[in-house]
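Chemist: Sharing my_file.txt below, compact mmCIF, C-alpha atoms and all ligand atoms:
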```txt
# COMPACT_ATOMS: atom_id res chain seq x y z
CA MET K 1 -94.16 4.51 58.04
CA PRO K 2 -90.54 3.80 57.21
CA GLU K 3 -89.17 6.72 55.24
CA LEU K 4 -86.15 6.71 52.96
CA PRO K 5 -83.49 6.76 55.75
CA GLU K 6 -85.09 3.79 57.50
CA VAL K 7 -85.34 1.87 54.22
CA GLU K 8 -81.69 2.72 53.50
CA ALA K 9 -80.70 1.40 56.94
CA ALA K 10 -82.78 -1.73 56.33
CA ALA K 11 -81.18 -2.27 52.92
CA VAL K 12 -77.69 -1.91 54.40
CA LEU K 13 -78.50 -4.60 56.97
CA LEU K 14 -80.11 -6.83 54.36
CA ARG K 15 -77.06 -6.48 52.13
CA SER K 16 -74.69 -7.41 54.95
CA VAL K 17 -76.57 -10.68 55.51
CA ILE K 18 -77.71 -11.75 52.05
CA LEU K 19 -75.05 -10.62 49.57
CA GLY K 20 -73.28 -13.59 47.97
CA ARG K 21 -75.57 -16.10 49.67
CA THR K 22 -77.85 -18.57 47.94
CA LEU K 23 -81.59 -18.50 48.56
CA MET K 24 -82.34 -22.09 49.56
CA THR K 25 -85.99 -21.83 50.53
CA LEU K 26 -88.44 -18.99 49.97
CA ALA K 27 -91.84 -19.04 51.59
CA ALA K 28 -94.84 -16.73 51.67
CA HIS K 29 -96.82 -17.13 54.88
CA HIS K 30 -99.81 -14.85 54.38
CA PRO K 31 -102.45 -14.92 51.61
CA SER K 32 -101.55 -11.37 50.47
CA GLN K 33 -97.92 -12.26 49.89
CA GLN K 34 -98.83 -15.69 48.49
CA ARG K 35 -100.78 -13.93 45.75
CA GLN K 36 -97.80 -11.70 44.92
CA LEU K 37 -95.27 -14.52 45.10
CA PRO K 38 -96.84 -17.63 43.52
CA THR K 39 -95.13 -21.02 43.63
CA THR K 40 -93.78 -20.58 40.09
CA ALA K 41 -91.95 -17.43 41.22
CA ILE K 42 -90.68 -19.13 44.36
CA ARG K 43 -89.39 -22.04 42.29
CA ARG K 44 -87.51 -19.73 39.93
CA ALA K 45 -85.89 -17.66 42.68
CA SER K 46 -84.91 -20.67 44.78
CA GLY K 47 -81.34 -21.80 44.37
CA GLN K 48 -80.24 -18.43 43.02
CA ARG K 49 -77.33 -16.51 44.48
CA VAL K 50 -77.74 -12.86 45.48
CA VAL K 51 -75.39 -10.69 43.47
CA ARG K 52 -76.59 -7.18 44.47
CA VAL K 53 -78.94 -5.42 46.87
CA GLU K 54 -80.16 -2.06 45.63
CA ARG K 55 -82.32 0.62 47.19
CA ARG K 56 -84.29 2.87 44.85
CA GLY K 57 -86.44 5.41 46.67
CA LYS K 58 -88.28 3.32 49.27
CA HIS K 59 -88.00 0.18 47.14
CA GLN K 60 -85.50 -2.62 47.75
CA LEU K 61 -84.27 -4.84 44.93
CA ILE K 62 -82.51 -8.17 45.46
CA HIS K 63 -80.68 -9.03 42.23
CA LEU K 64 -80.15 -12.73 41.53
CA ASN K 65 -77.36 -14.33 39.53
CA ASP K 66 -79.65 -15.45 36.69
CA GLY K 67 -80.76 -11.83 36.11
CA GLY K 68 -84.04 -12.20 37.99
CA LEU K 69 -84.86 -9.99 40.93
CA LEU K 70 -87.06 -9.71 43.99
CA HIS K 71 -88.75 -6.36 44.51
CA ILE K 72 -89.69 -5.48 48.10
CA HIS K 73 -91.69 -2.56 49.46
CA PHE K 74 -92.24 -2.18 53.21
CA ARG K 75 -95.36 -0.01 52.75
CA MET K 76 -96.61 1.21 56.14
CA ASN K 77 -95.06 -1.22 58.53
CA GLY K 78 -92.63 -3.72 57.00
CA ASP K 79 -89.17 -4.51 58.32
CA TRP K 80 -86.48 -7.17 58.16
CA GLU K 81 -85.88 -9.58 60.99
CA PHE K 82 -82.79 -11.76 61.07
CA THR K 83 -82.87 -15.17 62.79
CA HIS K 84 -81.67 -18.74 62.17
CA ILE K 85 -83.55 -21.49 60.31
CA SER K 86 -83.72 -23.50 63.53
CA ASP K 87 -85.64 -20.67 65.26
CA PRO K 88 -89.43 -20.41 65.16
CA PHE K 89 -90.73 -18.02 62.53
CA PRO K 90 -91.11 -14.46 63.83
CA ARG K 91 -94.72 -13.70 64.74
CA TYR K 92 -95.50 -11.47 61.78
CA ALA K 93 -93.23 -13.10 59.19
CA ARG K 94 -94.96 -12.66 55.83
CA VAL K 95 -92.14 -13.85 53.57
CA THR K 96 -88.98 -15.69 54.59
CA PHE K 97 -85.70 -16.34 52.82
CA ASP K 98 -83.64 -19.23 54.17
CA LEU K 99 -80.00 -18.94 53.15
CA ASP K 100 -77.32 -21.54 52.48
CA ASN K 101 -75.50 -20.60 55.69
CA GLY K 102 -78.50 -21.26 57.94
CA ALA K 103 -79.54 -17.63 58.29
CA ARG K 104 -83.21 -16.76 57.92
CA ILE K 105 -84.40 -13.34 56.76
CA SER K 106 -88.02 -12.57 57.51
CA LEU K 107 -90.06 -9.72 56.11
CA THR K 108 -92.24 -8.93 59.11
CA ASP K 109 -95.33 -6.74 59.01
CA SER K 110 -98.15 -6.83 61.55
CA ARG K 111 -100.56 -5.46 58.94
CA ALA K 112 -99.37 -7.65 56.05
CA LEU K 113 -99.36 -4.73 53.61
CA CYS K 114 -95.73 -5.19 52.56
CA THR K 115 -95.11 -6.44 49.03
CA VAL K 116 -92.62 -8.91 47.52
CA ARG K 117 -92.67 -9.66 43.83
CA TYR K 118 -90.40 -11.67 41.54
CA TYR K 119 -89.29 -10.41 38.13
CA ALA K 120 -87.59 -12.70 35.62
CA SER K 121 -84.42 -11.69 33.80
CA GLY K 122 -84.94 -8.95 31.25
CA ARG K 123 -88.34 -7.90 32.60
CA PRO K 124 -87.58 -5.56 35.49
CA PRO K 125 -90.34 -3.70 37.33
CA VAL K 126 -91.35 -0.24 36.14
CA LEU K 127 -90.80 1.83 39.27
CA ALA K 128 -91.54 5.31 37.82
CA LEU K 129 -88.95 6.89 40.08
CA GLY K 130 -86.98 10.07 39.61
CA PRO K 131 -83.32 10.38 40.56
CA GLU K 132 -82.04 9.70 44.06
CA ALA K 133 -81.60 12.79 46.23
CA ASP K 134 -78.01 11.83 47.05
CA ASP K 135 -77.05 11.27 43.40
CA PRO K 136 -74.20 13.74 42.92
CA ALA K 137 -75.28 14.12 39.29
CA LEU K 138 -78.65 15.54 40.36
CA THR K 139 -78.60 19.32 39.98
CA ALA K 140 -80.96 22.10 41.03
CA VAL K 141 -81.43 22.92 37.35
CA ALA K 142 -82.75 19.40 36.72
CA VAL K 143 -85.06 19.50 39.76
CA ARG K 144 -86.40 22.89 38.71
CA HIS K 145 -87.07 21.47 35.26
CA SER K 146 -89.07 18.58 36.79
CA LEU K 147 -91.09 21.08 38.83
CA ALA K 148 -91.62 23.56 35.99
CA THR K 149 -95.05 22.31 34.90
CA LYS K 150 -96.41 21.78 38.40
CA ARG K 151 -99.04 24.34 39.41
CA GLY K 152 -99.75 22.83 42.84
CA PRO K 153 -97.94 23.46 46.14
CA ILE K 154 -94.29 22.43 46.41
CA LYS K 155 -95.03 20.14 49.37
CA ALA K 156 -97.30 17.95 47.21
CA ALA K 157 -94.87 18.08 44.29
CA LEU K 158 -92.07 16.70 46.47
CA LEU K 159 -94.20 13.64 47.27
CA ASP K 160 -94.35 12.83 43.53
CA GLN K 161 -91.79 10.02 43.32
CA ARG K 162 -90.98 10.97 39.71
CA VAL K 163 -89.45 14.29 40.83
CA ILE K 164 -87.01 12.87 43.39
CA ALA K 165 -87.24 9.23 44.49
CA GLY K 166 -88.29 8.27 47.98
CA ILE K 167 -89.34 11.61 49.49
CA GLY K 168 -92.17 11.09 51.98
CA ASN K 169 -94.22 13.34 54.21
CA ILE K 170 -91.56 13.84 56.87
CA TYR K 171 -88.64 14.80 54.63
CA ALA K 172 -90.74 17.07 52.43
CA SER K 173 -91.56 19.17 55.53
CA GLU K 174 -87.99 19.03 56.79
CA ALA K 175 -86.45 20.04 53.46
CA LEU K 176 -88.82 23.00 53.04
CA TRP K 177 -88.08 24.28 56.55
CA ARG K 178 -84.33 24.05 55.94
CA ALA K 179 -84.76 25.83 52.61
CA ARG K 180 -87.06 28.52 54.14
CA ILE K 181 -89.69 27.86 51.51
CA SER K 182 -93.41 27.90 52.26
CA PRO K 183 -94.98 24.46 51.71
CA SER K 184 -97.79 26.27 49.89
CA ALA K 185 -95.49 27.95 47.34
CA ILE K 186 -96.35 27.01 43.75
CA ALA K 187 -93.85 24.33 42.72
CA GLY K 188 -93.37 25.59 39.18
CA ALA K 189 -92.75 29.16 40.33
CA LEU K 190 -89.70 28.48 42.52
CA THR K 191 -86.55 30.33 41.52
CA LEU K 192 -83.33 28.48 40.82
CA ALA K 193 -81.90 29.87 44.08
CA GLN K 194 -84.86 28.44 46.00
CA VAL K 195 -84.54 25.03 44.32
CA LYS K 196 -80.82 25.04 45.17
CA ARG K 197 -81.67 25.65 48.84
CA LEU K 198 -84.35 22.97 48.65
CA LEU K 199 -81.96 20.35 47.29
CA THR K 200 -79.32 21.27 49.88
CA GLY K 201 -81.95 21.14 52.65
CA LEU K 202 -83.29 17.82 51.46
CA ARG K 203 -79.84 16.24 51.34
CA ALA K 204 -79.01 17.52 54.83
CA ALA K 205 -82.33 16.31 56.26
CA LEU K 206 -81.90 12.86 54.72
CA ALA K 207 -78.30 12.62 55.95
CA ASP K 208 -79.53 13.42 59.49
CA GLY K 209 -82.24 10.81 59.02
CA VAL K 210 -79.77 8.12 57.98
CA ARG K 211 -77.71 8.88 61.10
CA ASN K 212 -80.83 8.42 63.25
CA ALA K 213 -82.31 5.45 61.42
CA GLY K 214 -80.84 2.95 63.87
CA HIS K 215 -83.00 4.41 66.66
CA TYR K 216 -86.13 3.91 64.58
CA ARG K 217 -85.24 0.24 64.16
CA THR K 218 -84.91 -0.33 67.88
CA GLY K 219 -88.17 1.47 68.60
CA GLY K 220 -86.54 4.27 70.57
CA ARG K 221 -88.31 7.61 70.64
CA VAL K 222 -86.03 10.13 69.02
CA THR K 223 -87.13 13.44 67.62
CA PRO K 224 -84.38 14.37 65.25
CA PHE K 225 -86.73 16.55 63.24
CA LYS K 226 -86.65 20.32 62.92
CA VAL K 227 -90.39 20.73 62.27
CA TYR K 228 -92.06 17.37 61.74
CA ASP K 229 -94.40 16.42 64.61
CA ARG K 230 -93.46 19.61 66.52
CA GLU K 231 -96.72 21.54 66.33
CA GLY K 232 -96.78 24.37 68.89
CA GLU K 233 -93.11 23.93 69.77
CA PRO K 234 -90.64 26.75 69.07
CA CYS K 235 -88.97 26.96 65.67
CA LYS K 236 -85.31 26.00 66.05
CA ARG K 237 -84.33 29.01 63.96
CA CYS K 238 -86.57 31.91 65.01
CA GLY K 239 -88.42 30.66 68.10
CA LYS K 240 -91.94 31.24 66.71
CA LYS K 241 -94.41 28.38 67.07
CA ILE K 242 -94.35 25.57 64.52
CA ARG K 243 -97.74 25.15 62.92
CA ARG K 244 -99.39 22.18 61.28
CA ILE K 245 -101.44 22.58 58.14
CA VAL K 246 -103.19 19.88 56.11
CA GLN K 247 -102.36 19.59 52.43
CA ALA K 248 -104.02 16.89 50.32
CA GLY K 249 -105.00 15.08 53.49
CA ARG K 250 -101.45 14.99 54.87
CA SER K 251 -100.01 17.01 57.75
CA THR K 252 -97.38 19.57 56.85
CA TYR K 253 -95.35 21.18 59.64
CA ASN K 254 -93.76 24.55 59.05
CA CYS K 255 -92.73 27.88 60.49
CA ALA K 256 -94.84 30.65 58.99
CA ASN K 257 -92.21 33.18 60.02
CA CYS K 258 -89.21 31.52 58.38
CA GLN K 259 -91.00 29.97 55.43
CA ARG K 260 -92.68 32.69 53.41
ZN ZN K 301 -88.94 29.98 62.23
```
Once you've parsed the file, please lay out its structure as structure tokens.
Ligand SMILES: [Zn+2]

Modeler:
Amino acid sequence: MPELPEVEAAAVLLRSVILGRTLMTLAAHHPSQQRQLPTTAIRRASGQRVVRVERRGKHQLIHLNDGGLLHIHFRMNGDWEFTHISDPFPRYARVTFDLDNGARISLTDSRALCTVRYYASGRPPVLALGPEADDPALTAVAVRHSLATKRGPIKAALLDQRVIAGIGNIYASEALWRARISPSAIAGALTLAQVKRLLTGLRAALADGVRNAGHYRTGGRVTPFKVYDREGEPCKRCGKKIRRIVQAGRSTYNCANCQR
């Protein structure tokens, strides 16, 4: 599943191709996306110029010059593919945007779970997202406040998109390892010092992820992670074996020695 760094990399690429261009033809090629993007929506978005591309958590927003916007979520498997309108459609193209300069942007997804929806001016989607991790205005005090009422484990709390936007399974594990906090610690009981370490760890893990996101796009096998997917391998800090536990049906990787 694309995590925040991969979505950020995808949004940067999308922005470089689509910003300032006019959407000439939009098409939905699969019944799932046709339901989300009916012909009325396609008609309204067609002919509009793209004035801004925004990433919020793992969501991408294409802002149009009439105030409308297209909301995209990759879900498990989505990605952008960039071709020319004279090329055949990519095999798993679910939605395509043909631009005024002849470029074609395809949202590809072998499983067709990705979503694209249109929102008219003044009626933006309700994303229910907390602040971005890299927002310099986000403080440990604010994060601790968001966690204060949570009685469950911190790992699960980090996956709540209303606490910090876009944190998925991988970066929750990575941030907790960097912060030396047990994934089973009660979220609401963390001290301010722990939350400070958590926020620092999260930002560092995401920054590493953004640096590596290009490898993900080209399908290369890179293991930039400190704990994720490293069960049985030595901890990069203390050398003890990384263990995998299951929390709410999701794998959590951690070092029981470093993260108490
Ligand atoms: Zn360790």

Chemist: Select, counting all atoms listed in the file, all protein, DNA and RNA residues no farther than 12 Å from (-97.4, -17.5, 49.1) in file coordinates, and express the selection as a PyMOL selection string.

Modeler: chain K and resi 26-43+93-96+115-118

Chemist: Would you list the residues near (-90.6, 12.9, 58.6) (no more than 8 Å away, in the coordinates of the file, using only C-alpha atoms) as a list in words?

Modeler: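 It turns out the residues near that spot are Glu3, Gly168, Asn169, Ile170, Tyr171, Ala172, Ser173, Glu174, Phe225, Tyr228 and Asp229 of chain K.
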
Chemist: Write out, as a Markdown table, each residue of chain K that has an atom at most 10 Å from ligand ZN 301 (chain K), together with the closest pair of atoms and their distance in Å to one decimal, counting all atoms listed in the file, rows going by chain and rising number.

Modeler:
```
| residue | atom | partner | partner_atom | distance |
| --- | --- | --- | --- | --- |
| K:Trp177 | CA | K:ZN301 | ZN | 8.1 |
| K:Arg178 | CA | K:ZN301 | ZN | 9.8 |
| K:Arg180 | CA | K:ZN301 | ZN | 8.4 |
| K:Lys226 | CA | K:ZN301 | ZN | 10.0 |
| K:Val227 | CA | K:ZN301 | ZN | 9.4 |
| K:Pro234 | CA | K:ZN301 | ZN | 7.8 |
| K:Cys235 | CA | K:ZN301 | ZN | 4.6 |
| K:Lys236 | CA | K:ZN301 | ZN | 6.6 |
| K:Arg237 | CA | K:ZN301 | ZN | 5.0 |
| K:Cys238 | CA | K:ZN301 | ZN | 4.1 |
| K:Gly239 | CA | K:ZN301 | ZN | 5.9 |
| K:Lys240 | CA | K:ZN301 | ZN | 5.5 |
| K:Lys241 | CA | K:ZN301 | ZN | 7.5 |
| K:Ile242 | CA | K:ZN301 | ZN | 7.3 |
| K:Asn254 | CA | K:ZN301 | ZN | 7.9 |
| K:Cys255 | CA | K:ZN301 | ZN | 4.7 |
| K:Ala256 | CA | K:ZN301 | ZN | 6.8 |
| K:Asn257 | CA | K:ZN301 | ZN | 5.1 |
| K:Cys258 | CA | K:ZN301 | ZN | 4.2 |
| K:Gln259 | CA | K:ZN301 | ZN | 7.1 |
| K:Arg260 | CA | K:ZN301 | ZN | 10.0 |
```

Chemist: Using all atoms listed in the file, find the one residue out of K:Gly201, K:Gly188, K:Gly122, K:Gly67 that sits nearest to K:Arg52.

Modeler: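 Checking each candidate against K:Arg52, we get K:Gly67 as the closest.
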
Chemist: Suppose you want the space between atom CA of K:Ala148 and atom CA of K:Gln247; what is it in Å?

Modeler: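 Result for atom CA of K:Ala148 versus atom CA of K:Gln247: 20.0 Å, one decimal.
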
Chemist: Would you kindly return, as a list of chain:residue names, each protein, DNA or RNA residue with an atom no farther than 8 Å from any atom of K:His59, considering all atoms listed in the file and excluding same-chain residues fewer than 3 positions away?

Modeler: K:Val7, K:Arg55, K:Arg56, K:His71, K:Ile72, K:His73, K:Phe74

Chemist: Any idea what the distance is between atom CA of K:Arg162 and atom CA of K:Ser184?

Modeler: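 Atom CA of K:Ser184 lies 19.6 Å from atom CA of K:Arg162.
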
Chemist: Just the number, please: distance in Å from atom CA of K:Ala165 to atom CA of K:Val12, one decimal.

Modeler: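 It comes out at 17.7 Å.
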
Chemist: Measuring between all atoms listed in the file, which one of K:Met1, K:Ala187, K:Val143, K:Met24 shows the shortest distance to K:Met76?

Modeler: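 Of K:Met1, K:Ala187, K:Val143, K:Met24, the one nearest K:Met76 is K:Met1, counting all atoms listed in the file.
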
Chemist: Closest to K:Val141 among K:Leu199, K:Lys155, K:Ala205, K:Ala179, using only C-alpha atoms?

Modeler: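 The shortest atom-to-atom distance to K:Val141 comes from K:Leu199.
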
Chemist: If we count only C-alpha atoms, what is near K:Arg91 at a cut-off of 10 Å, once residues fewer than 5 positions away on the same chain are taken out, given as number ranges by chain?

Modeler: K: 106, 108-110

Chemist: Take the residues just selected and output them with C-alpha atoms as a PDB file, in the frame of the given file.

Modeler:
```
ATOM      1  CA  SER K 106     -88.020 -12.570  57.510  1.00  0.00           C
ATOM      2  CA  THR K 108     -92.240  -8.930  59.110  1.00  0.00           C
ATOM      3  CA  ASP K 109     -95.330  -6.740  59.010  1.00  0.00           C
ATOM      4  CA  SER K 110     -98.150  -6.830  61.550  1.00  0.00           C
TER       5      SER K 110
END
```

Chemist: Rank K:Gln161, K:Thr200, K:Asn101, K:Asn77 by their smallest atom-to-atom distance to K:Thr25, using only C-alpha atoms, and report the top residue only.

Modeler: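 Between K:Gln161, K:Thr200, K:Asn101, K:Asn77, the residue approaching K:Thr25 most closely is K:Asn101.
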
Chemist: So that I can check the surroundings of K:Ser146, please list as an MDAnalysis selection string every protein, DNA and RNA residue that reaches within 12 Å of it, counting all atoms listed in the file and ignoring chain neighbours fewer than 2 positions away.

Modeler: chainID K and resid 130:131 138:144 148:151 154 157:158 160:164 187:190 195

Chemist: Of the residues K:Leu19, K:Val210, K:Val126, K:Leu70, which is the one nearest to K:Leu99, using all atoms listed in the file?

Modeler: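 Between K:Leu19, K:Val210, K:Val126, K:Leu70, the residue approaching K:Leu99 most closely is K:Leu19.
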
Chemist: For stretch 52-70 of chain K, what centre and edge lengths in Å (one decimal) does the axis-aligned box get once 8 Å is added on each side of all its listed atoms, as AutoDock Vina command-line options?

Modeler:
```
--center_x -82.4 --center_y -5.0 --center_z 42.7 --size_x 27.7 --size_y 36.9 --size_z 29.2
```

Chemist: Kindly indicate which residue among K:Ala207, K:Ile85, K:Ala103, K:Ala120 lies nearest to K:Leu69, using only C-alpha atoms for the distances.

Modeler: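 Selected residue with least distance to K:Leu69: K:Ala120.
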